>>> print(open('query04.txt').read())   # compact mmCIF, C-alpha atoms
# COMPACT_ATOMS: atom_id res chain seq x y z
CA MET A 1 26.69 -0.93 -63.86
CA ASN A 2 26.14 2.75 -63.13
CA SER A 3 23.56 3.12 -60.33
CA TRP A 4 21.53 5.79 -62.17
CA PHE A 5 21.40 3.55 -65.25
CA ALA A 6 20.20 0.63 -63.09
CA ILE A 7 17.47 2.80 -61.53
CA LEU A 8 16.19 4.00 -64.93
CA ALA A 9 16.39 0.55 -66.54
CA ALA A 10 14.62 -1.15 -63.64
CA SER A 11 11.93 1.58 -63.52
CA THR A 12 11.28 1.16 -67.26
CA ALA A 13 11.12 -2.61 -66.84
CA VAL A 14 8.60 -2.32 -63.99
CA PHE A 15 6.53 0.19 -66.01
CA SER A 16 6.49 -2.17 -69.01
CA TRP A 17 4.41 -4.74 -67.08
CA LYS A 18 1.92 -2.08 -66.05
CA TYR A 19 1.59 -0.61 -69.55
CA PHE A 20 1.49 -3.95 -71.35
CA GLY A 21 -1.35 -5.08 -69.10
CA HIS A 22 -3.38 -2.04 -70.13
CA LEU A 23 -2.71 -2.68 -73.84
CA VAL A 24 -3.88 -6.29 -74.03
CA PRO A 25 -7.16 -6.46 -76.01
CA ARG A 26 -10.37 -6.83 -74.08
CA ARG A 27 -11.35 -10.20 -75.54
CA PHE A 28 -8.53 -11.84 -73.57
CA LEU A 29 -10.28 -10.71 -70.42
CA ASP A 30 -13.49 -12.53 -71.22
CA SER A 31 -11.50 -15.67 -70.53
CA LYS A 32 -12.56 -17.09 -67.13
CA PHE A 33 -9.13 -18.67 -66.89
CA LEU A 34 -7.22 -15.38 -67.12
CA GLN A 35 -9.56 -13.69 -64.66
CA LYS A 36 -9.03 -16.48 -62.15
CA LEU A 37 -5.29 -16.42 -62.84
CA ALA A 38 -5.11 -12.69 -62.12
CA GLY A 39 -7.16 -13.10 -58.92
CA PHE A 40 -5.13 -16.05 -57.64
CA LEU A 41 -1.82 -14.39 -58.54
CA THR A 42 -2.75 -11.24 -56.64
CA ILE A 43 -3.44 -13.23 -53.48
CA ALA A 44 -0.37 -15.41 -53.95
CA LEU A 45 2.08 -12.56 -54.63
CA LEU A 46 0.83 -10.30 -51.83
CA ALA A 47 0.81 -13.20 -49.36
CA GLY A 48 4.28 -14.30 -50.51
CA LEU A 49 5.63 -10.79 -49.89
CA VAL A 50 4.01 -10.77 -46.42
CA GLY A 51 5.66 -14.13 -45.70
CA VAL A 52 9.11 -13.06 -46.83
CA GLN A 53 8.90 -9.70 -45.05
CA THR A 54 7.72 -11.34 -41.82
CA PHE A 55 9.51 -14.68 -41.48
CA VAL A 56 12.81 -14.34 -43.36
CA GLY A 57 15.68 -13.05 -41.27
CA THR A 58 19.45 -13.03 -41.52
CA ASN A 59 21.63 -15.22 -39.35
CA SER A 60 23.77 -12.87 -37.28
CA LYS A 61 26.88 -15.07 -37.57
CA THR A 62 26.79 -16.49 -41.10
CA SER A 63 24.54 -13.75 -42.60
CA ALA A 64 22.67 -16.54 -44.43
CA PRO A 65 18.87 -16.24 -44.67
CA GLU A 66 16.86 -18.17 -42.06
CA VAL A 67 13.27 -18.57 -40.85
CA VAL A 68 12.63 -16.44 -37.77
CA PHE A 69 9.67 -15.74 -35.49
CA ASP A 70 10.51 -12.33 -34.10
CA ALA A 71 8.90 -8.96 -33.39
CA ARG A 72 7.55 -8.82 -36.97
CA PHE A 73 5.54 -12.02 -36.37
CA ALA A 74 4.06 -10.58 -33.16
CA ALA A 75 3.16 -7.41 -35.09
CA LEU A 76 1.46 -9.50 -37.79
CA ILE A 77 -0.63 -11.41 -35.22
CA LEU A 78 -1.78 -8.08 -33.75
CA ALA A 79 -2.57 -6.87 -37.29
CA ALA A 80 -4.73 -9.98 -37.86
CA ILE A 81 -6.65 -9.36 -34.61
CA LEU A 82 -7.22 -5.70 -35.56
CA LEU A 83 -8.35 -6.73 -39.06
CA LYS A 84 -10.81 -9.16 -37.48
CA LEU A 85 -12.12 -6.23 -35.37
CA ARG A 86 -12.37 -4.13 -38.58
CA ALA A 87 -9.95 -1.48 -37.38
CA PRO A 88 -9.00 1.22 -39.92
CA PHE A 89 -5.99 0.54 -42.16
CA ILE A 90 -3.83 3.29 -40.64
CA VAL A 91 -4.46 2.01 -37.09
CA ILE A 92 -3.33 -1.46 -38.14
CA VAL A 93 -0.12 -0.19 -39.73
CA ILE A 94 0.83 2.08 -36.82
CA ALA A 95 -0.05 -0.60 -34.23
CA ALA A 96 2.17 -3.10 -36.07
CA ALA A 97 5.11 -0.67 -36.17
CA ALA A 98 4.67 0.22 -32.48
CA THR A 99 4.48 -3.46 -31.46
CA ALA A 100 7.70 -4.34 -33.27
CA ALA A 101 9.51 -1.22 -32.03
CA LEU A 102 8.48 -1.80 -28.37
CA LEU A 103 9.35 -5.52 -28.46
CA ARG A 104 12.79 -4.68 -29.84
CA LEU A 105 13.22 -2.05 -27.15
CA ALA A 106 12.25 -4.59 -24.45
CA PHE A 107 14.49 -7.45 -25.61
CA MET B 108 -17.09 -7.58 -44.78
CA THR B 109 -13.91 -5.73 -45.65
CA THR B 110 -12.02 -2.90 -44.01
CA SER B 111 -12.41 -1.01 -47.28
CA ALA B 112 -16.13 -0.39 -46.72
CA GLY B 113 -17.15 3.26 -46.51
CA LYS B 114 -16.79 6.32 -48.71
CA VAL B 115 -14.32 5.68 -51.49
CA SER B 116 -12.54 9.03 -51.04
CA ASN B 117 -11.97 8.29 -47.34
CA VAL B 118 -10.63 4.85 -48.19
CA ALA B 119 -8.29 6.35 -50.82
CA LEU B 120 -7.01 8.90 -48.31
CA SER B 121 -6.42 6.40 -45.51
CA VAL B 122 -4.73 3.93 -47.85
CA GLY B 123 -2.49 6.77 -49.06
CA LEU B 124 -1.62 7.77 -45.50
CA ALA B 125 -0.94 4.15 -44.54
CA THR B 126 1.41 3.55 -47.46
CA GLY B 127 3.02 6.85 -46.49
CA VAL B 128 4.15 5.15 -43.29
CA TYR B 129 5.57 2.42 -45.51
CA GLY B 130 7.19 5.05 -47.78
CA ILE B 131 9.12 6.49 -44.84
CA SER B 132 10.57 3.05 -44.30
CA PHE B 133 11.48 2.78 -48.00
CA GLY B 134 13.19 6.19 -48.03
CA ALA B 135 15.14 5.32 -44.92
CA LEU B 136 16.09 1.83 -46.16
CA SER B 137 17.20 3.16 -49.55
CA VAL B 138 19.50 5.78 -48.01
CA THR B 139 20.88 3.33 -45.45
CA ALA B 140 21.54 0.94 -48.40
CA GLY B 141 23.80 3.58 -49.93
CA PHE B 142 21.63 5.29 -52.57
CA ASP B 143 21.59 9.10 -52.41
CA ILE B 144 18.47 11.18 -51.79
CA TRP B 145 17.88 11.97 -55.49
CA GLN B 146 18.18 8.32 -56.47
CA THR B 147 15.78 7.38 -53.68
CA ILE B 148 13.24 9.96 -54.91
CA ALA B 149 13.71 8.79 -58.52
CA LEU B 150 12.87 5.22 -57.48
CA SER B 151 9.62 6.30 -55.83
CA VAL B 152 8.52 8.57 -58.70
CA LEU B 153 9.60 6.40 -61.64
CA MET B 154 9.42 2.82 -60.41
CA PHE B 155 6.48 3.53 -58.06
CA SER B 156 5.85 0.00 -56.87
CA GLY B 157 6.68 -0.76 -53.26
CA GLY B 158 7.57 -4.43 -53.64
CA SER B 159 9.90 -3.73 -56.58
CA GLN B 160 11.52 -0.78 -54.83
CA PHE B 161 12.17 -2.75 -51.64
CA ALA B 162 13.60 -5.61 -53.71
CA PHE B 163 15.83 -3.14 -55.59
CA VAL B 164 17.37 -1.53 -52.51
CA ALA B 165 17.51 -4.84 -50.62
CA VAL B 166 19.90 -6.25 -53.22
CA GLY B 167 21.33 -2.76 -53.62
CA LEU B 168 24.65 -1.44 -54.85
CA ALA B 169 26.39 -4.78 -54.32
CA ASP B 170 24.83 -6.22 -57.51
CA LEU B 171 22.85 -3.72 -59.58
CA THR B 172 22.02 -6.23 -62.33
CA THR B 173 20.37 -8.57 -59.82
CA ALA B 174 18.73 -5.57 -58.15
CA ALA B 175 17.15 -4.46 -61.44
CA THR B 176 16.11 -8.02 -62.37
CA SER B 177 14.51 -8.63 -58.97
CA ALA B 178 12.61 -5.33 -59.16
CA TRP B 179 11.37 -6.25 -62.63
CA LEU B 180 10.21 -9.74 -61.59
CA VAL B 181 8.53 -8.52 -58.41
CA GLY B 182 6.66 -5.99 -60.59
CA VAL B 183 4.96 -8.64 -62.76
CA ARG B 184 1.85 -8.62 -60.59
CA ASN B 185 1.16 -5.03 -61.66
CA GLY B 186 0.71 -6.36 -65.19
CA PHE B 187 -2.04 -8.64 -63.93
CA TYR B 188 -3.68 -5.79 -62.01
CA ALA B 189 -3.54 -3.80 -65.27
CA LEU B 190 -5.23 -6.69 -67.12
CA SER B 191 -8.21 -6.62 -64.78
CA LEU B 192 -8.29 -2.81 -64.54
CA ALA B 193 -8.13 -2.07 -68.30
CA PRO B 194 -11.80 -2.91 -69.07
CA ILE B 195 -12.94 -0.94 -66.00
CA LEU B 196 -10.93 2.20 -66.78
CA GLU B 197 -11.11 2.21 -70.61
CA THR B 198 -8.30 4.79 -70.91
CA LYS B 199 -6.60 6.12 -74.04
CA GLY B 200 -3.34 7.96 -74.88
CA VAL B 201 -1.73 9.95 -72.07
CA ARG B 202 -4.38 8.81 -69.59
CA LYS B 203 -3.39 5.21 -70.32
CA ILE B 204 0.21 6.04 -69.47
CA LEU B 205 -0.90 7.73 -66.23
CA ALA B 206 -3.21 4.81 -65.42
CA ALA B 207 -0.35 2.37 -66.06
CA GLN B 208 2.00 4.24 -63.72
CA LEU B 209 -0.68 4.31 -60.97
CA THR B 210 -1.40 0.56 -61.37
CA ILE B 211 -0.16 -0.84 -58.05
CA ASP B 212 -1.32 -3.15 -55.23
CA GLU B 213 -3.33 -0.48 -53.44
CA SER B 214 -5.18 1.11 -56.38
CA ALA B 215 -6.06 -2.34 -57.74
CA ALA B 216 -7.19 -3.57 -54.31
CA VAL B 217 -9.46 -0.59 -53.62
CA SER B 218 -10.89 -0.61 -57.15
CA THR B 219 -11.74 -4.31 -57.14
CA SER B 220 -13.30 -4.06 -53.67
CA ARG B 221 -16.01 -1.65 -54.95
CA GLU B 222 -19.36 -2.74 -56.37
CA THR B 223 -20.31 -0.29 -59.15
CA LEU B 224 -18.28 0.70 -62.22
CA ALA B 225 -18.26 4.40 -61.24
CA GLU B 226 -16.97 3.55 -57.75
CA GLN B 227 -14.36 1.17 -59.18
CA ARG B 228 -13.00 3.93 -61.44
CA LYS B 229 -13.09 6.51 -58.67
CA GLY B 230 -11.44 4.02 -56.32
CA PHE B 231 -8.60 3.43 -58.77
CA TRP B 232 -7.82 7.06 -59.61
CA LEU B 233 -8.26 8.49 -56.09
CA THR B 234 -6.23 5.73 -54.47
CA GLY B 235 -3.53 5.84 -57.16
CA ILE B 236 -3.10 9.62 -56.83
CA SER B 237 -3.35 9.56 -53.04
CA VAL B 238 -0.71 6.84 -52.75
CA PHE B 239 1.55 8.56 -55.32
CA VAL B 240 1.46 11.85 -53.37
CA PHE B 241 1.93 10.35 -49.89
CA TRP B 242 4.42 7.71 -51.05
CA ASN B 243 6.69 10.33 -52.59
CA LEU B 244 6.36 12.82 -49.71
CA ALA B 245 7.09 10.00 -47.29
CA THR B 246 10.06 8.85 -49.35
CA VAL B 247 11.64 12.31 -49.03
CA MET B 248 10.96 12.34 -45.28
CA GLY B 249 12.28 8.82 -44.94
CA ALA B 250 15.41 9.62 -46.91
CA PHE B 251 16.23 12.55 -44.60
CA LEU B 252 15.30 10.48 -41.53
CA GLY B 253 17.42 7.61 -42.81
CA GLN B 254 20.46 9.82 -42.55
CA GLN B 255 19.63 10.26 -38.83
CA ILE B 256 18.17 6.85 -37.87
CA GLY B 257 20.70 4.42 -39.23
CA ASP B 258 18.36 1.48 -38.63
CA PRO B 259 14.64 1.69 -39.61
CA GLU B 260 13.95 -1.50 -37.65
CA THR B 261 14.25 0.49 -34.41
CA PHE B 262 10.89 2.07 -35.27
CA GLY B 263 9.31 -1.17 -36.49
CA LEU B 264 9.06 0.15 -40.05
CA ASP B 265 9.70 -3.29 -41.54
CA ALA B 266 6.80 -4.73 -39.51
CA ALA B 267 4.58 -1.85 -40.64
CA ALA B 268 5.35 -2.76 -44.26
CA ALA B 269 4.36 -6.39 -43.74
CA ALA B 270 1.16 -5.39 -41.88
CA ALA B 271 0.16 -3.00 -44.69
CA LEU B 272 0.50 -5.74 -47.32
CA PHE B 273 -1.33 -8.18 -45.04
CA ALA B 274 -4.24 -5.75 -44.62
CA LEU B 275 -4.45 -5.49 -48.42
CA VAL B 276 -4.67 -9.23 -48.92
CA TRP B 277 -7.02 -9.77 -45.94
CA PRO B 278 -10.38 -9.29 -47.76
CA ARG B 279 -9.26 -11.82 -50.38
CA ILE B 280 -8.46 -14.59 -47.88
CA GLN B 281 -11.85 -14.70 -46.15
CA LYS B 282 -12.92 -17.64 -48.33
CA SER B 283 -11.12 -20.94 -47.79
CA ALA B 284 -9.70 -21.11 -51.36
CA GLY B 285 -8.09 -17.68 -50.94
CA ALA B 286 -6.73 -18.62 -47.52
CA ILE B 287 -5.19 -21.86 -48.85
CA ILE B 288 -3.59 -20.01 -51.79
CA ALA B 289 -2.19 -17.37 -49.40
CA GLY B 290 -0.92 -20.01 -46.95
CA THR B 291 0.79 -21.96 -49.74
CA ALA B 292 2.39 -18.77 -51.07
CA ILE B 293 3.70 -17.78 -47.64
CA VAL B 294 5.24 -21.19 -46.88
CA THR B 295 6.80 -21.70 -50.33
CA SER B 296 8.10 -18.12 -50.69
CA VAL B 297 9.73 -18.28 -47.27
CA LEU B 298 11.31 -21.68 -47.97
CA PHE B 299 12.69 -20.62 -51.38
CA SER B 300 14.07 -17.44 -49.75
CA LEU B 301 16.43 -19.69 -47.81
CA VAL B 302 18.17 -20.82 -50.99
CA LEU B 303 17.60 -18.04 -53.57
CA PRO B 304 18.26 -14.27 -53.64
CA SER B 305 15.31 -11.91 -52.99
CA GLY B 306 12.79 -11.53 -55.80
CA PRO B 307 12.43 -14.95 -57.47
CA PRO B 308 11.27 -16.79 -54.28
CA VAL B 309 8.05 -14.75 -54.18
CA LEU B 310 7.42 -15.50 -57.88
CA ILE B 311 8.13 -19.23 -57.57
CA GLY B 312 6.00 -19.41 -54.41
CA ALA B 313 3.19 -17.56 -56.18
CA PHE B 314 3.36 -19.93 -59.15
CA ILE B 315 3.01 -22.97 -56.88
CA ALA B 316 0.17 -21.32 -54.93
CA VAL B 317 -1.68 -20.46 -58.16
CA VAL B 318 -1.40 -24.07 -59.35
CA VAL B 319 -2.80 -25.18 -55.97
CA GLY B 320 -5.61 -22.65 -56.45
CA PHE B 321 -6.55 -24.10 -59.84
CA LEU B 322 -6.43 -27.67 -58.49
CA LEU B 323 -8.81 -26.67 -55.67
CA ASN B 324 -11.03 -24.86 -58.12
CA ARG B 325 -11.26 -27.76 -60.57
CA GLY B 326 -14.78 -28.91 -61.31
CA LYS B 327 -16.40 -26.28 -59.12
CA GLY B 328 -17.27 -24.05 -62.06
CA GLU B 329 -17.88 -20.94 -59.94
>>> encode(input="query04.txt", output="structure tokens")
Amino acid sequence: MNSWFAILAASTAVFSWKYFGHLVPRRFLDSKFLQKLAGFLTIALLAGLVGVQTFVGTNSKTSAPEVVFDARFAALILAAILLKLRAPFIVIVIAAAATAALLRLAF
Amino acid sequence: MTTSAGKVSNVALSVGLATGVYGISFGALSVTAGFDIWQTIALSVLMFSGGSQFAFVAVGLADLTTAATSAWLVGVRNGFYALSLAPILETKGVRKILAAQLTIDESAAVSTSRETLAEQRKGFWLTGISVFVFWNLATVMGAFLGQQIGDPETFGLDAAAAAALFALVWPRIQKSAGAIIAGTAIVTSVLFSLVLPSGPPVLIGAFIAVVVGFLLNRGKGE
């Protein structure tokens, strides 16, 4: 597949979810079930992405995926502490990047 | 009780700046994955959904069909954000198309964290526009940096991405049900990532976590 074609097709596909969600008639939203579903899914998908981006690494020899506790995990713990202290969003993000970068520099 | 307390315009600006940091990492990752600068910019302008974009370039040129499918599946959550945003925004025509394109994690999170309807609308539009501007500027910067850096992990950009998403989910996991759903999603998504290509594991993990959420919620009637 041509890479430009893949970019345009994938972008259209991603947009279709967004647009379709805005088109669904309002009466569907009065459903408690759908509201809960949307709320639960938001938590579940965001948390799942955090999990995959933090704990999934690549084995350096076999290049197979594996569970790792590395600099990203340390950065996430620091982020949790800063969130508990109600630090601003930007501080949390920069602190996490700095933690991971410094740990990688040190080891 | 959330980090998103305070003036909505300030929140929108800081969320935009924060995702900008994340956008640099996307730009750099995309270029280091072999996409050119124009393709990288096109992904940020047209796809405009961080999770989908990262999934797309993570699979990359090696298998473009899987890359596109993963991006599409990771983007499903935007449809659910749109469902809950539609009655708040009440848009029509071109504005609906704009609203749809700006329907992402951050704009939905800021909007739903506000109390009044006016603030919810303002939160959505200001955050959506702020993130769009900073995300795309950062993508360009990241793409040029990517040509110099080689490896974005040196600067901890991958950890910054995870922390940004974590900060977004944080207000929603302060109640035990939310925390259990999040914990289930993390464990299952990570485990499925060991056996499946990127994209589907997060969706399967989310499905299991949502089922757990409904089981917990049964009979509570809140």
>>> interface_residues(input="query04.txt", of="chain A", to="chain B", cutoff="6 Å", atoms="all atoms listed in the file", output="PyMOL selection string")
chain A and resi 10-11+13-14+17-19+21-22+38+40+43-45+47-48+50-53+65-66+72+76+86+90+93+96-97+100-101
>>> closest_residue(input="query04.txt", among="B:Ala250, B:Ala169, B:Ala119, B:Val238", to="Ser220 of chain B", atoms="only C-alpha atoms")
B:Ala119
>>> atom_distance(input="query04.txt", atom1="atom CA of Leu49 of chain A", atom2="atom CA of Lys61 of chain A")
24.9 Å
>>> atom_distance(input="query04.txt", atom1="atom CA of Phe69 of chain A", atom2="atom CA of Gly134 of chain B")
25.5 Å
>>> atom_distance(input="query04.txt", atom1="atom CA of Arg221 of chain B", atom2="atom CA of Gly235 of chain B")
14.7 Å
